[in-house]
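See structure below.
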Amino acid sequence: MTFHPKQSLSARLTRMNLLVSGVVLLLAGLAFFSYDLVSFRHTLIRNIGAEAQIVGENSISALLFDDQETATTTLKSLEQSPDVKGAILSDAEGRAFAKYGQLGSDDVATHSLGAKENHRVWFSGTQVIVAHRIVFQGKTVGIVTILAQLTEIGQRARQYLLIAGMILLLCMAAAVMISATSRRLIAEPISKLADTALLVSRDKDYSVRAKIPVDGSEIGVLVDAFNTMLTQIQERDAALSEAQAELEGRVEERTAKLRAANRELEAFSYTVAHDLRGPLDAITGIAFLLAKTSEGVGDPAVHGMLEQLTASTVNMSMLIDDLLNFARASTTPVKSVPVNLSKIVREIAADLKMSDPERRVEFSIIDAPEVPADPGLMRIVLDNLLRNSWKYSSHHDEACIEFGAKREGEKIVYFVHDDGAGFDPAHAEKLFEPFERLHGKSEFPGTGIGLATVQRILARQGGAIWAEGAVEKGATFYFTLG
Amino acid sequence: MLVAGMAMAARMATTSAAQPPAPSQLDVQAVYLFDFAKFVRWPEGAEHGTLTICVAGQKAYADSLTRLVKGEQIDSRPLAVRVVQTAADVTGCDILFVGISAKEQEAAMLAATAGKPVLTVSDIPGFLDSGGMIQFVVIDQRVRFSVDLRSTMHSGIGLSSELLKVAVKVNGASGGTS
């Protein structure tokens, strides 16, 4: 595809040439014509004035010696002058003495000289009337009045128009020829440059080059600069893609290394936790038996220590469970089946109530519709959240734990709310980091892994979790799924 | 005659503010005589000083001419009018008019001026044949004049072609008359 603008450069150049030459010709023609007209008129008037003078001189004797015949003959010599249409010779008193052509006495009356005037010219359109005083030996002997019609002026104007028209045609031909040259010298290189630019911008092909015209004009410089720019873009492009490839390679490498390290770490912690379980179970069992058998027998201090040992092993067992959950949360493949979250919540609530029947805790659980999720992982999530609520409301005599859901836009936001110890909202971000705890271990026991596990599980299902709360005002954990 | 006469009267009035005399052929002749002087080229030696117009015969003619030329100049020459009685008086005349009443003096006066730069003018019939230079004639009641070039050339006086143009007849012209 080549670029075809509505008005090509060469057409514009041609038009501009024509316009300029036309205007110049018109103005020059007008100037010449008006100058010529003025000077022509001037000359005619001067000629007529001279004729009036000559006729006057030649009429002196006729006037003095009362010879009308001779005077008429003299006036008749004006026939030779095509512009002169009439003449009247008056004597010193202004009476008509001899006549020629179409000049009436009225004309003489309206065009008379003043007492001290010797020569005067009247214009009206193309008509000119010249009055000339005939003076001989210091005395006025008569006045000659000549009427002339400047008919030649119109004829001259027509000739001018004809010549100007012919020159205009020649100019147009010249302009067309010049524009052919200018097209070759200016328009073509520019349109080629435009084509190249279009090609570059459309195909992002920076390897094309515009042809440099040989005349060494600014267009050549432009084309050369354009080509240089293309080269620079090409080089930068190459350097950029090289850098990008290198970066990507480095990122990939790092990511792979990181992933491997992570996997190794997780496998290691899983193994450790898993392998620790066997010996720990044995220790727990033996400690429990020892504590039972030593009850009421021997040193009560030993019995106390055995009780402590048992409690510690139970704690450690919980920690291992949590660690295993955390590891599983990252590694187990996620299933997606309809899950009744409310049912899971009720089961956990029942468990919790059974674990400490003394506590007065009220559960408020809505009937949420089934939602596609991984039932095992969702049980871990809800277990963690409800157990947290249970735990952090344990210092209150009465507590209320609520499981609910609300629609926000297209998503359903679930929440678990309690009226327990709450937390400082300034540290809300830290809640979900592993092993970060906002409360002392003595105040509320825990491993610090639970919420990190929850966040990881929800993230793997495309969900999110966030928390709101204040110290001693309770806490609310919101979460979404996919 | 009527038109010419009226014109003459007007010219008389403008040139002399005295009494307006009835325009007569004599008055017209007087004006013409004065105008002739403007078309005459005098030979070297005679073109300076007062231009004297001598009138032989008619006293009235001389008077009207005197009024006409009063204060006038031709080619920077002041004008004077003199009445002459005999041929002996013509010395110093530049223009000599011989009236018909002085017919008997005609021959003597022409003889006295022959070969001299004196323009001789008369209304005597046959004046040119007698050797005069300009003769008034009346045609259709209008005063006209004829010229004889042979005598003017003989006396060294040049006449302007403008004058010859309006002459009724020009004798002695190589190219004929106008």
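For the structure tokens, the naming scheme is as follows: chains receive sequential letters (A, B, ...) according to their order of presentation, residues are indexed from 1 within each chain, and ligands are indexed from 1 in presentation order.
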
Each residue of chain B lying at most 8 Å from chain A should get a row with its shortest atom-to-atom pair and the distance in Å to one decimal, counting only C-alpha atoms; could you produce that, ordered by chain and increasing number, as JSON lines?
```
{"residue": "B:Ala4", "atom": "CA", "partner": "A:Asp66", "partner_atom": "CA", "distance": 6.3}
{"residue": "B:Ala10", "atom": "CA", "partner": "A:Glu93", "partner_atom": "CA", "distance": 7.8}
{"residue": "B:Tyr32", "atom": "CA", "partner": "A:Phe65", "partner_atom": "CA", "distance": 6.7}
{"residue": "B:Asp35", "atom": "CA", "partner": "A:Leu64", "partner_atom": "CA", "distance": 7.1}
{"residue": "B:Lys38", "atom": "CA", "partner": "A:Gln137", "partner_atom": "CA", "distance": 7.5}
{"residue": "B:Ile74", "atom": "CA", "partner": "A:Gln137", "partner_atom": "CA", "distance": 6.6}
{"residue": "B:Asp75", "atom": "CA", "partner": "A:Gln137", "partner_atom": "CA", "distance": 7.3}
{"residue": "B:Arg144", "atom": "CA", "partner": "A:Phe65", "partner_atom": "CA", "distance": 7.7}
{"residue": "B:Glu162", "atom": "CA", "partner": "A:Ser61", "partner_atom": "CA", "distance": 5.7}
{"residue": "B:Leu163", "atom": "CA", "partner": "A:Ser61", "partner_atom": "CA", "distance": 5.9}
{"residue": "B:Lys165", "atom": "CA", "partner": "A:Thr70", "partner_atom": "CA", "distance": 7.4}
{"residue": "B:Val166", "atom": "CA", "partner": "A:Ala62", "partner_atom": "CA", "distance": 6.0}
```

Residue neighbourhood Leu164 of chain B, 12 Å, only C-alpha atoms, exclusion window fewer than 5 positions, as a ChimeraX atom specification: /A:58,61-62,65,67,70 /B:36,39-40,133-134,144-149,158-159,169-173,175-178

Writer output for current selection, C-alpha atoms, as a PDB file, in the first residue's frame:
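Generated output (part-v2.pdb):
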```
ATOM      1  CA  ASN A  58      -1.686  79.131 -38.485  1.00  0.00           C
ATOM      2  CA  SER A  61      -3.313  86.015 -40.178  1.00  0.00           C
ATOM      3  CA  ALA A  62      -6.734  84.652 -41.065  1.00  0.00           C
ATOM      4  CA  PHE A  65      -7.328  89.863 -41.883  1.00  0.00           C
ATOM      5  CA  ASP A  67     -10.300  85.522 -43.751  1.00  0.00           C
ATOM      6  CA  THR A  70      -8.418  80.350 -44.832  1.00  0.00           C
TER       7      THR A  70
ATOM      8  CA  PHE B  36       0.843  94.149 -41.966  1.00  0.00           C
ATOM      9  CA  PHE B  39       4.207  90.071 -40.798  1.00  0.00           C
ATOM     10  CA  VAL B  40       7.030  92.009 -42.334  1.00  0.00           C
ATOM     11  CA  MET B 133       3.810  95.932 -52.951  1.00  0.00           C
ATOM     12  CA  ILE B 134       0.346  95.537 -51.340  1.00  0.00           C
ATOM     13  CA  ARG B 144      -8.946  92.089 -49.038  1.00  0.00           C
ATOM     14  CA  PHE B 145      -5.468  92.597 -50.437  1.00  0.00           C
ATOM     15  CA  SER B 146      -3.080  91.405 -53.099  1.00  0.00           C
ATOM     16  CA  VAL B 147       0.675  91.185 -52.888  1.00  0.00           C
ATOM     17  CA  ASP B 148       3.469  91.591 -55.374  1.00  0.00           C
ATOM     18  CA  LEU B 149       6.520  89.640 -54.334  1.00  0.00           C
ATOM     19  CA  GLY B 158      10.410  89.670 -46.450  1.00  0.00           C
ATOM     20  CA  LEU B 159       6.710  88.886 -46.094  1.00  0.00           C
ATOM     21  CA  LYS B 169      -3.555  87.242 -55.125  1.00  0.00           C
ATOM     22  CA  VAL B 170       0.209  86.984 -54.902  1.00  0.00           C
ATOM     23  CA  ASN B 171       2.138  88.164 -57.945  1.00  0.00           C
ATOM     24  CA  GLY B 172       5.613  86.950 -58.714  1.00  0.00           C
ATOM     25  CA  ALA B 173       5.428  83.876 -56.522  1.00  0.00           C
ATOM     26  CA  GLY B 175       4.683  78.527 -56.684  1.00  0.00           C
ATOM     27  CA  GLY B 176       1.689  80.575 -57.894  1.00  0.00           C
ATOM     28  CA  THR B 177      -0.929  82.210 -55.772  1.00  0.00           C
ATOM     29  CA  SER B 178      -2.856  80.898 -52.796  1.00  0.00           C
TER      30      SER B 178
END
```

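Interatomic distance, atom CA of Leu110 of chain B against atom CA of Ala60 of chain B: 22.2 Å.
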
Every residue of segment 286-423 of chain A that DSSP places in strand (DSSP E or B), as a PyMOL selection string: chain A and resi 337-339+360-365+371-373+398-408+411-418

Can you spit out the residues from that selection as a PDB file, in the first residue's frame, using N, CA and C atoms?
```
ATOM      1  N   VAL A 337     -15.365 -28.815  44.537  1.00  0.00           N
ATOM      2  CA  VAL A 337     -16.673 -29.486  44.576  1.00  0.00           C
ATOM      3  C   VAL A 337     -17.601 -28.633  45.411  1.00  0.00           C
ATOM      4  N   PRO A 338     -18.934 -28.811  45.255  1.00  0.00           N
ATOM      5  CA  PRO A 338     -19.846 -28.006  46.078  1.00  0.00           C
ATOM      6  C   PRO A 338     -19.632 -28.298  47.565  1.00  0.00           C
ATOM      7  N   VAL A 339     -19.448 -27.220  48.310  1.00  0.00           N
ATOM      8  CA  VAL A 339     -19.161 -27.362  49.740  1.00  0.00           C
ATOM      9  C   VAL A 339     -20.186 -26.552  50.521  1.00  0.00           C
ATOM     10  N   ARG A 360     -19.696 -19.982  78.171  1.00  0.00           N
ATOM     11  CA  ARG A 360     -20.967 -19.551  77.615  1.00  0.00           C
ATOM     12  C   ARG A 360     -20.690 -18.749  76.334  1.00  0.00           C
ATOM     13  N   VAL A 361     -20.737 -19.469  75.251  1.00  0.00           N
ATOM     14  CA  VAL A 361     -20.469 -18.843  73.939  1.00  0.00           C
ATOM     15  C   VAL A 361     -21.669 -19.083  73.039  1.00  0.00           C
ATOM     16  N   GLU A 362     -22.137 -18.046  72.444  1.00  0.00           N
ATOM     17  CA  GLU A 362     -23.289 -18.172  71.549  1.00  0.00           C
ATOM     18  C   GLU A 362     -22.830 -18.128  70.103  1.00  0.00           C
ATOM     19  N   PHE A 363     -23.190 -19.120  69.343  1.00  0.00           N
ATOM     20  CA  PHE A 363     -22.840 -19.153  67.916  1.00  0.00           C
ATOM     21  C   PHE A 363     -24.016 -18.691  67.086  1.00  0.00           C
ATOM     22  N   SER A 364     -23.726 -17.855  66.130  1.00  0.00           N
ATOM     23  CA  SER A 364     -24.771 -17.428  65.192  1.00  0.00           C
ATOM     24  C   SER A 364     -24.272 -17.770  63.788  1.00  0.00           C
ATOM     25  N   ILE A 365     -24.962 -18.726  63.163  1.00  0.00           N
ATOM     26  CA  ILE A 365     -24.461 -19.267  61.889  1.00  0.00           C
ATOM     27  C   ILE A 365     -25.555 -19.160  60.836  1.00  0.00           C
ATOM     28  N   VAL A 371     -21.001 -23.770  47.810  1.00  0.00           N
ATOM     29  CA  VAL A 371     -20.073 -23.016  46.980  1.00  0.00           C
ATOM     30  C   VAL A 371     -18.982 -23.958  46.513  1.00  0.00           C
ATOM     31  N   PRO A 372     -18.512 -23.844  45.258  1.00  0.00           N
ATOM     32  CA  PRO A 372     -17.460 -24.741  44.803  1.00  0.00           C
ATOM     33  C   PRO A 372     -16.139 -24.431  45.492  1.00  0.00           C
ATOM     34  N   ALA A 373     -15.562 -25.413  46.164  1.00  0.00           N
ATOM     35  CA  ALA A 373     -14.297 -25.230  46.896  1.00  0.00           C
ATOM     36  C   ALA A 373     -13.722 -26.594  47.243  1.00  0.00           C
ATOM     37  N   GLU A 398     -18.966 -13.994  78.704  1.00  0.00           N
ATOM     38  CA  GLU A 398     -19.894 -14.404  77.666  1.00  0.00           C
ATOM     39  C   GLU A 398     -19.335 -13.963  76.334  1.00  0.00           C
ATOM     40  N   ALA A 399     -19.534 -14.761  75.317  1.00  0.00           N
ATOM     41  CA  ALA A 399     -19.006 -14.397  74.010  1.00  0.00           C
ATOM     42  C   ALA A 399     -20.014 -14.747  72.923  1.00  0.00           C
ATOM     43  N   CYS A 400     -19.853 -14.091  71.823  1.00  0.00           N
ATOM     44  CA  CYS A 400     -20.725 -14.373  70.677  1.00  0.00           C
ATOM     45  C   CYS A 400     -19.850 -14.510  69.441  1.00  0.00           C
ATOM     46  N   ILE A 401     -20.002 -15.607  68.719  1.00  0.00           N
ATOM     47  CA  ILE A 401     -19.235 -15.842  67.503  1.00  0.00           C
ATOM     48  C   ILE A 401     -20.216 -15.975  66.358  1.00  0.00           C
ATOM     49  N   GLU A 402     -19.945 -15.227  65.279  1.00  0.00           N
ATOM     50  CA  GLU A 402     -20.920 -15.194  64.176  1.00  0.00           C
ATOM     51  C   GLU A 402     -20.246 -15.603  62.876  1.00  0.00           C
ATOM     52  N   PHE A 403     -20.935 -16.466  62.119  1.00  0.00           N
ATOM     53  CA  PHE A 403     -20.478 -16.759  60.761  1.00  0.00           C
ATOM     54  C   PHE A 403     -21.532 -16.210  59.810  1.00  0.00           C
ATOM     55  N   GLY A 404     -21.112 -15.350  58.870  1.00  0.00           N
ATOM     56  CA  GLY A 404     -22.086 -14.758  57.959  1.00  0.00           C
ATOM     57  C   GLY A 404     -21.500 -14.580  56.564  1.00  0.00           C
ATOM     58  N   ALA A 405     -22.334 -14.017  55.698  1.00  0.00           N
ATOM     59  CA  ALA A 405     -21.910 -13.762  54.324  1.00  0.00           C
ATOM     60  C   ALA A 405     -22.674 -12.557  53.785  1.00  0.00           C
ATOM     61  N   LYS A 406     -22.058 -11.798  52.946  1.00  0.00           N
ATOM     62  CA  LYS A 406     -22.758 -10.684  52.293  1.00  0.00           C
ATOM     63  C   LYS A 406     -22.264 -10.579  50.852  1.00  0.00           C
ATOM     64  N   ARG A 407     -23.140  -9.965  50.038  1.00  0.00           N
ATOM     65  CA  ARG A 407     -22.767  -9.857  48.618  1.00  0.00           C
ATOM     66  C   ARG A 407     -22.127  -8.495  48.390  1.00  0.00           C
ATOM     67  N   GLU A 408     -20.974  -8.536  47.796  1.00  0.00           N
ATOM     68  CA  GLU A 408     -20.322  -7.272  47.440  1.00  0.00           C
ATOM     69  C   GLU A 408     -20.012  -7.317  45.956  1.00  0.00           C
ATOM     70  N   LYS A 411     -19.112 -10.699  44.033  1.00  0.00           N
ATOM     71  CA  LYS A 411     -18.509 -11.680  44.924  1.00  0.00           C
ATOM     72  C   LYS A 411     -19.293 -11.845  46.213  1.00  0.00           C
ATOM     73  N   ILE A 412     -19.170 -12.993  46.799  1.00  0.00           N
ATOM     74  CA  ILE A 412     -19.744 -13.217  48.130  1.00  0.00           C
ATOM     75  C   ILE A 412     -18.601 -13.128  49.135  1.00  0.00           C
ATOM     76  N   VAL A 413     -18.769 -12.246  50.108  1.00  0.00           N
ATOM     77  CA  VAL A 413     -17.753 -12.100  51.151  1.00  0.00           C
ATOM     78  C   VAL A 413     -18.265 -12.807  52.408  1.00  0.00           C
ATOM     79  N   TYR A 414     -17.525 -13.813  52.885  1.00  0.00           N
ATOM     80  CA  TYR A 414     -17.869 -14.516  54.119  1.00  0.00           C
ATOM     81  C   TYR A 414     -17.127 -13.859  55.256  1.00  0.00           C
ATOM     82  N   PHE A 415     -17.668 -13.977  56.443  1.00  0.00           N
ATOM     83  CA  PHE A 415     -16.916 -13.438  57.585  1.00  0.00           C
ATOM     84  C   PHE A 415     -17.171 -14.244  58.852  1.00  0.00           C
ATOM     85  N   VAL A 416     -16.137 -14.186  59.704  1.00  0.00           N
ATOM     86  CA  VAL A 416     -16.244 -14.806  61.047  1.00  0.00           C
ATOM     87  C   VAL A 416     -15.987 -13.679  62.039  1.00  0.00           C
ATOM     88  N   HIS A 417     -16.985 -13.410  62.896  1.00  0.00           N
ATOM     89  CA  HIS A 417     -16.883 -12.266  63.798  1.00  0.00           C
ATOM     90  C   HIS A 417     -16.969 -12.724  65.243  1.00  0.00           C
ATOM     91  N   ASP A 418     -16.110 -12.100  66.084  1.00  0.00           N
ATOM     92  CA  ASP A 418     -16.240 -12.390  67.510  1.00  0.00           C
ATOM     93  C   ASP A 418     -16.177 -11.087  68.279  1.00  0.00           C
TER      94      ASP A 418
END
```

DSSP helix (DSSP H, G or I) selection over segment 68-310 of chain A, as an NGL selection string: :A and (68-80 or 105-110 or 152-203 or 218-293 or 300-310)

All residues 9 Å or closer to Val471 of chain A, only C-alpha atoms, same chain fewer than 3 positions away omitted, as a PyMOL selection string: chain A and resi 420-425+474-475
